[in-house]
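Printed here is query_26.txt (compact mmCIF, C-alpha atoms):
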# COMPACT_ATOMS: atom_id res chain seq x y z
CA MET J 63 -8.16 -36.58 -7.52
CA SER J 64 -5.66 -39.30 -8.38
CA LYS J 65 -3.59 -37.15 -10.72
CA GLN J 66 -1.38 -34.38 -9.43
CA PRO J 67 -3.39 -31.15 -9.16
CA LYS J 68 -2.16 -28.26 -11.31
CA ALA J 69 -2.26 -24.58 -10.50
CA VAL J 70 -1.18 -21.42 -12.21
CA ALA J 71 0.32 -18.68 -10.04
CA LEU J 72 0.12 -15.00 -10.95
CA ILE J 73 3.76 -14.01 -10.68
CA SER J 74 4.38 -10.28 -10.46
CA GLY J 75 8.03 -10.54 -9.53
CA GLY J 76 7.41 -9.39 -5.97
CA LEU J 77 7.81 -11.34 -2.76
CA ASP J 78 4.16 -12.19 -2.09
CA SER J 79 3.51 -14.01 -5.35
CA LEU J 80 6.83 -15.83 -5.00
CA LEU J 81 5.86 -17.06 -1.54
CA ALA J 82 2.29 -17.91 -2.49
CA ALA J 83 3.46 -20.16 -5.31
CA ARG J 84 6.04 -21.82 -3.10
CA VAL J 85 3.54 -22.49 -0.30
CA VAL J 86 1.34 -24.39 -2.74
CA MET J 87 4.27 -26.23 -4.33
CA GLU J 88 5.18 -27.46 -0.83
CA GLN J 89 1.92 -29.41 -0.89
CA GLY J 90 2.80 -31.35 -4.03
CA VAL J 91 0.84 -29.30 -6.53
CA HIS J 92 2.28 -28.78 -10.03
CA VAL J 93 2.61 -25.01 -10.39
CA GLU J 94 3.38 -22.89 -13.44
CA GLY J 95 3.61 -19.11 -13.43
CA ILE J 96 1.82 -16.52 -15.48
CA ASN J 97 2.82 -12.89 -15.80
CA PHE J 98 0.76 -10.28 -17.59
CA PHE J 99 2.44 -7.43 -19.45
CA THR J 100 0.16 -4.41 -19.52
CA GLY J 101 2.68 -1.94 -20.96
CA PHE J 102 2.63 -0.07 -17.65
CA CYS J 103 4.81 -2.55 -15.81
CA VAL J 104 7.79 -0.99 -14.07
CA GLU J 105 10.86 -2.88 -15.09
CA GLY J 106 14.51 -2.19 -14.44
CA HIS J 107 15.13 -2.11 -18.16
CA THR J 108 13.25 1.07 -18.92
CA HIS J 109 15.13 2.82 -16.17
CA ALA J 110 18.33 1.26 -17.41
CA LEU J 111 18.12 3.34 -20.58
CA ARG J 112 19.53 6.08 -18.38
CA LYS J 113 23.10 5.99 -17.11
CA LYS J 114 22.18 6.97 -13.57
CA ASP J 115 19.94 3.91 -13.34
CA ARG J 116 22.34 1.41 -14.83
CA GLN J 117 23.39 0.12 -11.44
CA ARG J 118 19.85 -1.20 -10.93
CA PRO J 119 19.54 -4.89 -11.66
CA LYS J 120 18.43 -5.44 -15.25
CA ARG J 121 16.63 -8.63 -14.48
CA ASN J 122 12.96 -9.29 -15.09
CA ASN J 123 11.77 -10.04 -11.58
CA ALA J 124 8.97 -12.35 -12.69
CA LEU J 125 11.49 -14.51 -14.56
CA TRP J 126 13.79 -14.35 -11.54
CA SER J 127 10.93 -15.59 -9.34
CA ALA J 128 10.23 -18.44 -11.76
CA GLU J 129 13.87 -19.46 -11.65
CA GLN J 130 13.89 -19.43 -7.86
CA LEU J 131 10.80 -21.61 -7.87
CA GLY J 132 11.99 -23.87 -10.70
CA ILE J 133 8.75 -23.38 -12.64
CA LYS J 134 7.79 -22.34 -16.15
CA LEU J 135 6.67 -18.76 -16.62
CA HIS J 136 4.24 -17.71 -19.33
CA ILE J 137 4.45 -14.01 -20.10
CA VAL J 138 1.26 -12.80 -21.70
CA ASP J 139 0.89 -9.60 -23.70
CA ILE J 140 -2.42 -8.03 -22.63
CA ILE J 141 -1.65 -4.49 -23.82
CA GLU J 142 -4.65 -4.13 -26.12
CA GLU J 143 -7.25 -5.77 -23.91
CA TYR J 144 -5.97 -3.89 -20.87
CA LYS J 145 -6.87 -0.53 -22.39
CA ASP J 146 -10.47 -0.88 -21.32
CA VAL J 147 -9.36 -1.46 -17.73
CA VAL J 148 -7.32 1.75 -17.74
CA ILE J 149 -9.83 3.87 -19.62
CA ASN J 150 -13.10 2.66 -18.06
CA PRO J 151 -12.43 1.19 -14.63
CA LYS J 152 -15.74 0.04 -13.14
CA HIS J 153 -14.39 0.43 -9.62
CA GLY J 154 -12.57 3.71 -10.24
CA TYR J 155 -8.97 4.81 -9.80
CA GLY J 156 -6.68 4.84 -6.80
CA SER J 157 -4.60 7.89 -5.91
CA ASN J 158 -3.42 8.38 -9.51
CA LEU J 159 -4.60 6.58 -12.66
CA ASN J 160 -4.22 3.15 -11.09
CA PRO J 161 -7.33 1.01 -11.52
CA CYS J 162 -6.07 -1.57 -9.00
CA LEU J 163 -9.29 -3.46 -8.29
CA ASP J 164 -10.34 -3.69 -11.94
CA CYS J 165 -6.79 -4.68 -12.80
CA LYS J 166 -6.78 -7.56 -10.36
CA ILE J 167 -10.21 -8.74 -11.54
CA PHE J 168 -9.02 -8.58 -15.15
CA MET J 169 -5.83 -10.53 -14.48
CA VAL J 170 -7.52 -13.23 -12.44
CA ASN J 171 -10.12 -13.53 -15.19
CA LYS J 172 -7.35 -13.96 -17.78
CA ALA J 173 -5.76 -16.60 -15.52
CA ARG J 174 -9.16 -18.33 -15.28
CA GLU J 175 -9.37 -18.45 -19.08
CA TRP J 176 -5.82 -19.80 -19.14
CA ILE J 177 -6.47 -22.65 -16.69
CA ASP J 178 -9.63 -23.60 -18.58
CA ALA J 179 -7.69 -23.70 -21.86
CA ASN J 180 -4.78 -25.64 -20.42
CA GLY J 181 -6.42 -28.14 -18.10
CA PHE J 182 -5.24 -26.62 -14.83
CA ASP J 183 -7.30 -26.80 -11.65
CA PHE J 184 -6.91 -23.53 -9.79
CA ILE J 185 -5.30 -20.11 -9.54
CA ILE J 186 -2.86 -18.78 -6.94
CA THR J 187 -2.30 -15.13 -6.09
CA GLY J 188 -0.10 -13.48 -3.48
CA GLU J 189 -2.88 -11.24 -2.20
CA VAL J 190 -3.02 -10.53 1.53
CA VAL J 191 -6.07 -9.15 3.33
CA GLY J 192 -5.51 -5.52 4.28
CA GLN J 193 -2.25 -5.18 2.38
CA ARG J 194 -3.41 -2.61 -0.20
CA PRO J 195 -5.97 0.13 0.25
CA MET J 196 -7.96 -0.63 -2.91
CA SER J 197 -7.60 -4.15 -4.20
CA GLN J 198 -6.58 -6.11 -1.11
CA ARG J 199 -9.22 -5.32 1.48
CA LYS J 200 -11.48 -7.78 3.29
CA ASP J 201 -14.45 -6.46 1.30
CA THR J 202 -12.72 -6.39 -2.11
CA LEU J 203 -11.03 -9.80 -2.14
CA PRO J 204 -14.43 -11.53 -2.61
CA VAL J 205 -15.20 -9.06 -5.42
CA VAL J 206 -12.07 -10.21 -7.27
CA ALA J 207 -13.07 -13.86 -6.90
CA ARG J 208 -16.66 -13.17 -7.98
CA ASP J 209 -16.17 -10.71 -10.85
CA SER J 210 -13.27 -12.64 -12.37
CA GLY J 211 -15.39 -15.75 -12.55
CA ALA J 212 -12.71 -17.70 -10.67
CA GLY J 213 -14.90 -18.12 -7.59
CA ASP J 214 -13.60 -20.81 -5.26
CA ARG J 215 -10.86 -21.78 -7.72
CA LEU J 216 -8.91 -18.72 -6.56
CA VAL J 217 -6.55 -19.47 -3.67
CA ARG J 218 -4.65 -16.85 -1.67
CA PRO J 219 -2.22 -19.05 0.25
CA LEU J 220 -0.77 -16.23 2.35
CA CYS J 221 -4.11 -15.22 3.88
CA ALA J 222 -6.29 -18.27 3.14
CA ARG J 223 -7.06 -18.89 6.79
CA ASN J 224 -8.79 -15.50 6.98
CA LEU J 225 -11.05 -16.42 4.08
CA PRO J 226 -13.68 -19.10 3.38
CA PRO J 227 -12.30 -22.48 2.23
CA THR J 228 -11.67 -22.73 -1.49
CA LEU J 229 -12.25 -25.66 -3.84
CA PRO J 230 -8.69 -27.04 -3.52
CA GLU J 231 -9.07 -27.06 0.26
CA ILE J 232 -12.51 -28.66 0.13
CA GLU J 233 -11.29 -31.28 -2.34
CA GLY J 234 -8.28 -32.03 -0.17
CA TRP J 235 -5.71 -30.92 -2.76
CA LEU J 236 -4.48 -28.38 -0.23
CA ASP J 237 -4.26 -28.73 3.54
CA ARG J 238 -5.72 -25.51 4.96
CA GLY J 239 -3.58 -26.00 8.08
CA ARG J 240 -0.46 -25.48 5.96
CA LEU J 241 -1.71 -22.26 4.44
CA TYR J 242 -1.30 -18.90 6.21
CA GLY J 243 -3.38 -16.21 7.90
CA PHE J 244 -1.39 -13.07 7.16
CA ASN J 245 -3.21 -9.76 7.22
CA GLY J 246 -2.42 -6.07 7.22
CA ARG J 247 0.39 -4.00 5.80
CA SER J 248 3.26 -5.45 7.83
CA ARG J 249 5.85 -7.21 5.70
CA LYS J 250 7.44 -9.04 8.62
CA PRO J 251 5.52 -12.34 8.21
CA GLN J 252 6.43 -12.47 4.52
CA MET J 253 10.06 -11.69 5.26
CA ALA J 254 10.17 -14.42 7.88
CA LEU J 255 8.63 -16.91 5.46
CA ALA J 256 11.13 -15.86 2.78
CA ARG J 257 13.97 -16.62 5.20
CA GLN J 258 12.39 -19.98 5.97
CA PHE J 259 12.33 -20.86 2.25
CA GLY J 260 15.84 -19.46 1.72
CA PHE J 261 14.76 -16.66 -0.62
CA GLU J 262 17.16 -13.74 -0.68
CA ASP J 263 17.59 -10.80 -3.02
CA TYR J 264 13.90 -10.69 -3.88
CA ALA J 265 12.46 -7.56 -5.46
CA GLN J 266 11.26 -4.83 -3.13
CA PRO J 267 9.78 -2.21 -5.42
CA ALA J 268 9.58 1.13 -3.64
CA GLY J 269 6.82 2.60 -5.77
CA GLY J 270 4.77 -0.42 -6.73
CA CYS J 271 5.11 -2.37 -9.94
CA CYS J 272 2.91 -0.22 -12.17
CA PHE J 273 3.57 3.18 -13.75
CA LEU J 274 -0.09 4.08 -13.27
CA THR J 275 0.58 4.47 -9.55
CA ASP J 276 3.27 7.05 -10.34
CA LYS J 277 2.02 10.62 -10.05
CA GLN J 278 4.31 12.05 -12.73
CA TYR J 279 3.44 9.33 -15.20
CA ALA J 280 -0.28 9.73 -14.53
CA VAL J 281 0.01 13.47 -15.22
CA LYS J 282 1.65 12.70 -18.60
CA LEU J 283 -1.06 10.20 -19.51
CA ALA J 284 -3.81 12.64 -18.50
CA ASP J 285 -2.10 15.32 -20.62
CA LEU J 286 -2.10 12.96 -23.59
CA TRP J 287 -5.82 12.27 -23.18
CA ASN J 288 -6.71 15.92 -22.64
CA THR J 289 -4.87 17.22 -25.67
CA ARG J 290 -6.15 14.50 -27.97
CA GLY J 291 -9.69 15.01 -26.71
CA LYS J 292 -10.20 11.30 -26.10
CA ARG J 293 -9.17 8.74 -23.55
CA ASP J 294 -7.20 6.36 -25.70
CA TYR J 295 -3.59 5.30 -26.25
CA ASP J 296 -1.48 2.88 -28.20
CA PHE J 297 1.54 0.96 -27.06
CA ASP J 298 4.04 3.48 -28.41
CA ASP J 299 2.26 6.29 -26.57
CA ILE J 300 2.67 4.65 -23.22
CA MET J 301 6.27 3.62 -23.88
CA LEU J 302 7.19 7.15 -24.90
CA LEU J 303 5.66 8.52 -21.70
CA LYS J 304 8.36 6.61 -19.84
CA VAL J 305 11.23 8.15 -21.79
CA GLY J 306 12.68 11.63 -22.18
CA ARG J 307 11.79 15.12 -21.09
CA HIS J 308 8.27 16.09 -22.22
CA LEU J 309 7.48 19.74 -22.97
CA ARG J 310 4.13 20.97 -24.19
CA PRO J 311 4.24 24.54 -25.51
CA GLY J 312 0.76 24.22 -27.05
CA THR J 313 -2.20 21.91 -27.24
CA ASN J 314 -1.32 21.01 -30.84
CA PHE J 315 2.10 19.55 -30.15
CA LYS J 316 4.49 18.19 -27.56
CA LEU J 317 8.27 17.80 -27.67
CA ILE J 318 9.96 14.66 -26.35
CA VAL J 319 13.66 15.32 -25.74
CA GLY J 320 16.13 12.53 -25.04
CA ARG J 321 18.01 13.15 -21.81
CA GLU J 322 21.05 11.10 -22.69
CA GLU J 323 22.54 8.60 -25.10
CA GLY J 324 20.40 5.64 -24.03
CA GLU J 325 17.18 7.58 -24.43
CA ASN J 326 18.33 9.13 -27.72
CA ARG J 327 19.02 5.65 -29.03
CA PHE J 328 15.57 4.49 -27.95
CA LEU J 329 13.91 7.52 -29.56
CA GLU J 330 15.82 6.78 -32.79
CA GLY J 331 13.42 3.91 -33.29
CA TYR J 332 10.57 6.42 -33.62
CA ARG J 333 12.16 8.83 -36.13
CA LYS J 334 10.02 7.62 -39.02
CA ARG J 335 6.80 8.20 -37.09
CA PHE J 336 7.47 11.71 -35.80
CA ILE J 337 8.91 14.96 -37.09
CA ASN J 338 12.26 14.98 -35.36
CA ILE J 339 15.01 17.43 -34.58
CA ILE J 340 18.69 16.87 -33.98
CA PRO J 341 21.40 19.51 -33.49
CA THR J 342 24.14 19.32 -36.12
CA SER J 343 26.46 22.15 -35.06
CA HIS J 344 26.74 20.87 -31.50
CA THR J 345 26.29 17.59 -29.67
CA GLY J 346 22.74 17.36 -28.53
CA PRO J 347 19.62 15.33 -28.02
CA LEU J 348 17.21 13.81 -30.44
CA ALA J 349 13.77 15.37 -30.03
CA LEU J 350 10.48 14.06 -31.39
CA ILE J 351 7.50 16.30 -32.08
CA ASP J 352 4.24 14.59 -31.19
CA GLY J 353 1.27 16.41 -32.71
CA ASP J 354 0.54 18.75 -35.55
CA PRO J 355 2.94 21.70 -35.44
CA ASP J 356 3.03 24.64 -37.87
CA ALA J 357 6.26 26.30 -39.04
CA ASP J 358 6.44 28.61 -35.99
CA ASP J 359 5.94 25.64 -33.67
CA ILE J 360 8.78 23.79 -35.38
CA GLU J 361 11.09 26.77 -34.93
CA LEU J 362 10.10 26.93 -31.26
CA ALA J 363 10.74 23.19 -30.92
CA ALA J 364 14.14 23.70 -32.58
CA ARG J 365 15.02 26.43 -30.07
CA LEU J 366 14.00 24.17 -27.20
CA THR J 367 16.04 21.29 -28.59
CA ALA J 368 19.03 23.65 -28.92
CA ARG J 369 18.56 24.61 -25.27
CA PHE J 370 19.24 21.00 -24.28
CA SER J 371 22.30 20.70 -26.55
CA GLN J 372 25.95 21.47 -25.86
CA GLY J 373 25.31 24.72 -27.72
CA ARG J 374 22.89 26.03 -25.11
CA ASP J 375 25.19 29.00 -24.40
CA ALA J 376 26.18 29.57 -28.03
CA GLY J 377 24.74 32.42 -30.09
CA ARG J 378 23.15 30.06 -32.59
CA VAL J 379 22.74 26.35 -33.03
CA THR J 380 22.11 24.56 -36.31
CA VAL J 381 19.56 21.77 -36.22
CA ALA J 382 18.24 19.32 -38.79
CA VAL J 383 14.48 18.94 -38.85
CA LYS J 384 13.33 15.75 -40.52
CA GLN J 385 9.75 15.81 -41.74
CA LEU J 386 7.47 12.80 -42.03
CA ASP J 387 7.96 12.75 -45.81
CA GLY J 388 11.71 12.26 -45.25
CA MET J 389 12.66 15.80 -46.32
CA THR J 390 15.24 17.43 -44.07
CA GLN J 391 15.21 21.13 -43.33
CA THR J 392 18.14 22.99 -41.72
CA LEU J 393 17.41 25.72 -39.20
CA ASP J 394 19.77 28.13 -37.44
CA VAL J 395 18.17 29.04 -34.13
CA ILE J 396 18.92 30.89 -30.92
CA PRO J 397 18.74 28.42 -28.04
CA MET J 398 15.88 29.30 -25.74
CA PRO J 399 17.22 30.49 -22.38
CA SER J 400 16.18 28.25 -19.49
CA ASP J 401 14.43 31.06 -17.66
CA GLU J 402 12.23 31.74 -20.67
CA ILE J 403 10.79 28.23 -20.68
CA PRO J 404 7.55 28.39 -18.71
CA GLU J 405 7.43 25.83 -15.90
CA ASP J 406 4.03 24.62 -17.04
CA TRP J 407 5.46 23.49 -20.36
CA TYR J 408 7.14 20.62 -18.51
CA VAL J 409 4.61 17.79 -18.42
CA MET P 183 15.99 -26.10 -41.37
CA ASP P 184 17.46 -22.58 -41.55
CA PRO P 185 17.26 -20.56 -38.34
CA VAL P 186 14.13 -18.49 -37.90
CA THR P 187 15.04 -14.82 -37.47
CA LEU P 188 12.96 -12.62 -35.20
CA ASP P 189 13.35 -8.85 -35.36
CA ALA P 190 12.86 -7.49 -31.83
CA ARG P 191 14.77 -4.25 -32.34
CA ASN P 192 13.48 -1.15 -30.57
CA LEU P 193 11.37 -3.24 -28.24
CA LEU P 194 11.94 -2.92 -24.53
CA CYS P 195 11.82 -5.96 -22.29
CA PRO P 196 9.78 -7.98 -21.78
CA MET P 197 8.44 -7.53 -25.34
CA PRO P 198 11.40 -9.31 -27.00
CA VAL P 199 10.83 -12.24 -24.65
CA ILE P 200 7.10 -12.29 -25.40
CA ARG P 201 7.71 -12.19 -29.16
CA MET P 202 10.26 -14.96 -28.82
CA GLN P 203 7.94 -17.06 -26.67
CA ASP P 204 5.15 -16.69 -29.23
CA THR P 205 7.49 -17.68 -32.07
CA VAL P 206 9.03 -20.63 -30.23
CA ARG P 207 5.54 -21.99 -29.57
CA LYS P 208 5.21 -22.59 -33.32
CA LEU P 209 8.59 -24.34 -33.64
CA GLN P 210 9.69 -27.91 -33.07
CA PRO P 211 12.32 -29.21 -30.65
CA GLY P 212 15.75 -28.77 -32.25
CA ASP P 213 14.72 -25.78 -34.36
CA VAL P 214 16.94 -22.72 -34.09
CA ILE P 215 15.81 -19.13 -33.68
CA LYS P 216 17.91 -15.94 -33.90
CA VAL P 217 16.49 -12.94 -32.06
CA VAL P 218 17.86 -9.52 -32.99
CA CYS P 219 17.38 -6.96 -30.19
CA THR P 220 18.50 -3.52 -29.08
CA ASP P 221 17.45 -3.55 -25.39
CA PRO P 222 20.43 -4.76 -23.32
CA GLY P 223 17.89 -6.22 -20.88
CA VAL P 224 17.62 -9.22 -23.20
CA LEU P 225 21.12 -10.29 -22.15
CA HIS P 226 19.55 -11.31 -18.88
CA ASP P 227 15.95 -12.03 -19.79
CA ILE P 228 16.23 -14.29 -22.82
CA PRO P 229 18.72 -16.66 -21.17
CA ALA P 230 16.55 -16.64 -18.02
CA TRP P 231 13.44 -17.45 -20.06
CA CYS P 232 15.35 -20.22 -21.86
CA ARG P 233 16.49 -21.72 -18.57
CA VAL P 234 12.97 -21.92 -17.13
CA HIS P 235 11.60 -23.46 -20.34
CA GLY P 236 14.48 -25.79 -21.14
CA HIS P 237 15.78 -24.14 -24.31
CA GLU P 238 19.50 -23.82 -25.12
CA VAL P 239 21.21 -20.49 -25.71
CA CYS P 240 23.76 -21.33 -28.43
CA ASP P 241 25.29 -17.90 -29.00
CA ILE P 242 25.11 -14.28 -27.92
CA ASP P 243 26.57 -11.78 -30.39
CA GLU P 244 26.81 -8.32 -28.85
CA GLN P 245 27.55 -5.48 -31.26
CA GLU P 246 27.56 -1.78 -30.38
CA TYR P 247 23.81 -1.27 -30.71
CA GLU P 248 22.46 -4.71 -31.54
CA ILE P 249 22.40 -8.01 -29.76
CA THR P 250 21.68 -11.28 -31.56
CA ILE P 251 20.83 -14.29 -29.43
CA THR P 252 20.67 -17.73 -31.01
CA VAL P 253 18.53 -20.32 -29.27
CA ARG P 254 17.86 -24.00 -29.94
CA VAL P 255 14.34 -25.02 -28.97
CA GLY P 256 14.30 -27.59 -26.20
CA PRO P 257 12.19 -30.70 -25.80
CA GLY P 258 9.82 -29.31 -23.15
CA SER P 259 6.16 -28.97 -24.04
CA GLN P 260 4.84 -25.48 -24.55
CA THR P 261 1.91 -25.00 -22.22
CA GLY P 262 -0.28 -22.03 -22.81
CA ALA P 263 -2.13 -20.31 -25.57

Could you quickly redo this structure as structure tokens?
Amino acid sequence: MSKQPKAVALISGGLDSLLAARVVMEQGVHVEGINFFTGFCVEGHTHALRKKDRQRPKRNNALWSAEQLGIKLHIVDIIEEYKDVVINPKHGYGSNLNPCLDCKIFMVNKAREWIDANGFDFIITGEVVGQRPMSQRKDTLPVVARDSGAGDRLVRPLCARNLPPTLPEIEGWLDRGRLYGFNGRSRKPQMALARQFGFEDYAQPAGGCCFLTDKQYAVKLADLWNTRGKRDYDFDDIMLLKVGRHLRPGTNFKLIVGREEGENRFLEGYRKRFINIIPTSHTGPLALIDGDPDADDIELAARLTARFSQGRDAGRVTVAVKQLDGMTQTLDVIPMPSDEIPEDWYV
Amino acid sequence: MDPVTLDARNLLCPMPVIRMQDTVRKLQPGDVIKVVCTDPGVLHDIPAWCRVHGHEVCDIDEQEYEITITVRVGPGSQTGA
């Protein structure tokens, strides 16, 4: 190849993808980054709605990685297409609702479509043999290459020497001797390589980069599917699962209560789509009712909302209930005592 | 040409960045876009995205609940669908 080879790197924002891209750039390849937004991505911003999390960096780690590398980053919205991966994973779920192997196949396939559309030559991922129990095993890495359709155009620079040569190595675009043979769960080789490249302050997510690996989040998503009687969701559903306190007193409705100002402000954006409750006699949260409540349910929801207001110890709290037709109803309710709220209402 | 205005209110990052990226792809170098947002994460992400793609952040107007970022589209080619 006389022209400079071009590769797209899947950039998650973590250390491995950062290093993988850099290793290939070292060999003179033009690299651009691609980052897929599934709607389940864990980002500092969602946490930053809450005051206690505001000390966390608010950066997008994939963009940070791109800046460190000096490459373009294309962020691709795959929310709709990704539903099928979450709802019908061919290879099943991990410990929660995380379809890690199907997810990786899907993303590499999207990257394959992208390189075909944009005249790029191959794909880079930060995968390491043995690093993850589901998607990064010796027997599943070939499955990703095969089922994504990427085949030998998929290069894993951090563990390439443990795998058969890929097209870029065969064609001489990459020197296999300058790729790596990392394997297993140890992070030490990656940390040493990061030091060598001068990378500091890289993201080290404690719980993975996807909400679907989070037990509490998975329980909320399963609750949503169970009560609707179908495994489906839209973007607002999955965003709302990340925010507020969720209480389900019945199968026909759920209450989403803002825990503080940042969350209340976020929930404000949904007031036209949900019946909502806000205390007027006392400072208190905004609560959305998701479902189909009757008048008794709305009164119960009002009592619960009052419980989380400054009037929780008052005899009565006045709340405004705004219906979907825009009509506002005023209710005077007795705040529900904490010890009367069944534990299993908390989703 | 008047600035293009993009309403990205009530979207959490990275959605404002994605919407902006998709809009900028249809614009020409020198065009100006104003993005109205509510997620404070854009204060970091939109300038970062502009830096990696060669666009110029002309102004950031931060009100109590809304942030408006004005960007001039740079000369770099827009790879990608």

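Residues surrounding Asn338 in chain J within 6 Å are Ala349, Leu350, Ile351, Val383 and Lys384 of chain J [all atoms listed in the file; sequence separation below 3 positions excluded].
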
Give me, as a PDB file with C-alpha atoms, keeping the file's coordinate frame, the residues of chain P touching chain J, with the criterion being at most 9 Å (counting only C-alpha atoms).
ATOM      1  CA  ARG P 191      14.770  -4.250 -32.340  1.00  0.00           C
ATOM      2  CA  ASN P 192      13.480  -1.150 -30.570  1.00  0.00           C
ATOM      3  CA  LEU P 193      11.370  -3.240 -28.240  1.00  0.00           C
ATOM      4  CA  LEU P 194      11.940  -2.920 -24.530  1.00  0.00           C
ATOM      5  CA  CYS P 195      11.820  -5.960 -22.290  1.00  0.00           C
ATOM      6  CA  PRO P 196       9.780  -7.980 -21.780  1.00  0.00           C
ATOM      7  CA  MET P 197       8.440  -7.530 -25.340  1.00  0.00           C
ATOM      8  CA  VAL P 199      10.830 -12.240 -24.650  1.00  0.00           C
ATOM      9  CA  ILE P 200       7.100 -12.290 -25.400  1.00  0.00           C
ATOM     10  CA  GLN P 203       7.940 -17.060 -26.670  1.00  0.00           C
ATOM     11  CA  THR P 220      18.500  -3.520 -29.080  1.00  0.00           C
ATOM     12  CA  ASP P 221      17.450  -3.550 -25.390  1.00  0.00           C
ATOM     13  CA  PRO P 222      20.430  -4.760 -23.320  1.00  0.00           C
ATOM     14  CA  GLY P 223      17.890  -6.220 -20.880  1.00  0.00           C
ATOM     15  CA  VAL P 224      17.620  -9.220 -23.200  1.00  0.00           C
ATOM     16  CA  LEU P 225      21.120 -10.290 -22.150  1.00  0.00           C
ATOM     17  CA  HIS P 226      19.550 -11.310 -18.880  1.00  0.00           C
ATOM     18  CA  ASP P 227      15.950 -12.030 -19.790  1.00  0.00           C
ATOM     19  CA  ALA P 230      16.550 -16.640 -18.020  1.00  0.00           C
ATOM     20  CA  TRP P 231      13.440 -17.450 -20.060  1.00  0.00           C
ATOM     21  CA  ARG P 233      16.490 -21.720 -18.570  1.00  0.00           C
ATOM     22  CA  VAL P 234      12.970 -21.920 -17.130  1.00  0.00           C
ATOM     23  CA  HIS P 235      11.600 -23.460 -20.340  1.00  0.00           C
ATOM     24  CA  TYR P 247      23.810  -1.270 -30.710  1.00  0.00           C
ATOM     25  CA  THR P 261       1.910 -25.000 -22.220  1.00  0.00           C
ATOM     26  CA  GLY P 262      -0.280 -22.030 -22.810  1.00  0.00           C
ATOM     27  CA  ALA P 263      -2.130 -20.310 -25.570  1.00  0.00           C
TER      28      ALA P 263
END

| message | Can you pull out the residues contacting Cys219 in chain P? Cut-off 6 Å, using all atoms listed in the file, and skip same-chain residues under 4 positions away; I want them as number ranges by chain. | response | P: 190-191, 248-249

| Neighbours of Asp358 in chain J within 12 Å (only C-alpha atoms; same-chain residues fewer than 2 positions away dropped), as a PyMOL selection string? | chain J and resi 311-312+315+354-356+360-365+393+395

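Rounded to one decimal, CA of Ala254 in chain J and CA of Leu77 in chain J lie 11.3 Å from each other.
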
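The spacing separating CA of Ala280 in chain J from CA of Asp359 in chain J amounts to 25.7 Å.
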
| request: Determine, counting only C-alpha atoms, which protein, DNA and RNA residues have an atom within 9 Å of an atom of range 372-380 of chain J; residues of the same chain fewer than 4 positions away are not included. Present the result as a list in words. | output: Ile340, Pro341, Thr342, Ser343, His344, Thr345, Gly346, Ala364, Arg365, Ala368, Thr392, Leu393, Asp394, Val395, Ile396, Pro397, Met398 and Pro399 of chain J

Output C-alpha atoms for every residue in the selection just made, as a CSV table (one decimal), keeping the file's coordinate frame.
chain,number,residue,atom,x,y,z
J,340,ILE,CA,18.7,16.9,-34.0
J,341,PRO,CA,21.4,19.5,-33.5
J,342,THR,CA,24.1,19.3,-36.1
J,343,SER,CA,26.5,22.2,-35.1
J,344,HIS,CA,26.7,20.9,-31.5
J,345,THR,CA,26.3,17.6,-29.7
J,346,GLY,CA,22.7,17.4,-28.5
J,364,ALA,CA,14.1,23.7,-32.6
J,365,ARG,CA,15.0,26.4,-30.1
J,368,ALA,CA,19.0,23.6,-28.9
J,392,THR,CA,18.1,23.0,-41.7
J,393,LEU,CA,17.4,25.7,-39.2
J,394,ASP,CA,19.8,28.1,-37.4
J,395,VAL,CA,18.2,29.0,-34.1
J,396,ILE,CA,18.9,30.9,-30.9
J,397,PRO,CA,18.7,28.4,-28.0
J,398,MET,CA,15.9,29.3,-25.7
J,399,PRO,CA,17.2,30.5,-22.4

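When CA of Lys282 in chain J is paired with CA of Asn158 in chain J, their separation reads 11.3 Å.
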
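Ranking J:Arg290, J:Lys166, J:Gly353, J:Pro227 by their shortest atom-to-atom distance to Asp209 in chain J, with only C-alpha atoms included, puts J:Lys166 first.
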
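Proximity to Leu80 in chain J was assessed for J:Gly260, J:Pro230, J:Pro67, J:Gly192 counting only C-alpha atoms; the smallest distance is recorded for J:Gly260.
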
Write range 366-371 of chain J as a JSON list (two decimals), in the frame of the given file, completed to N, CA and C atoms.
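Writing the result to out-v1.json gives the following:
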[["chain", "number", "residue", "atom", "x", "y", "z"],
["J", 366, "LEU", "N", 14.00, 24.97, -28.44],
["J", 366, "LEU", "CA", 14.00, 24.17, -27.20],
["J", 366, "LEU", "C", 15.02, 23.04, -27.27],
["J", 367, "THR", "N", 15.07, 22.39, -28.42],
["J", 367, "THR", "CA", 16.04, 21.29, -28.59],
["J", 367, "THR", "C", 17.45, 21.84, -28.43],
["J", 368, "ALA", "N", 17.70, 23.02, -29.02],
["J", 368, "ALA", "CA", 19.03, 23.65, -28.92],
["J", 368, "ALA", "C", 19.37, 23.96, -27.46],
["J", 369, "ARG", "N", 18.35, 24.30, -26.70],
["J", 369, "ARG", "CA", 18.56, 24.61, -25.27],
["J", 369, "ARG", "C", 19.15, 23.41, -24.53],
["J", 370, "PHE", "N", 18.76, 22.19, -24.97],
["J", 370, "PHE", "CA", 19.24, 21.00, -24.28],
["J", 370, "PHE", "C", 20.48, 20.40, -24.96],
["J", 371, "SER", "N", 21.09, 21.18, -25.88],
["J", 371, "SER", "CA", 22.30, 20.70, -26.55],
["J", 371, "SER", "C", 23.54, 21.32, -25.90]]
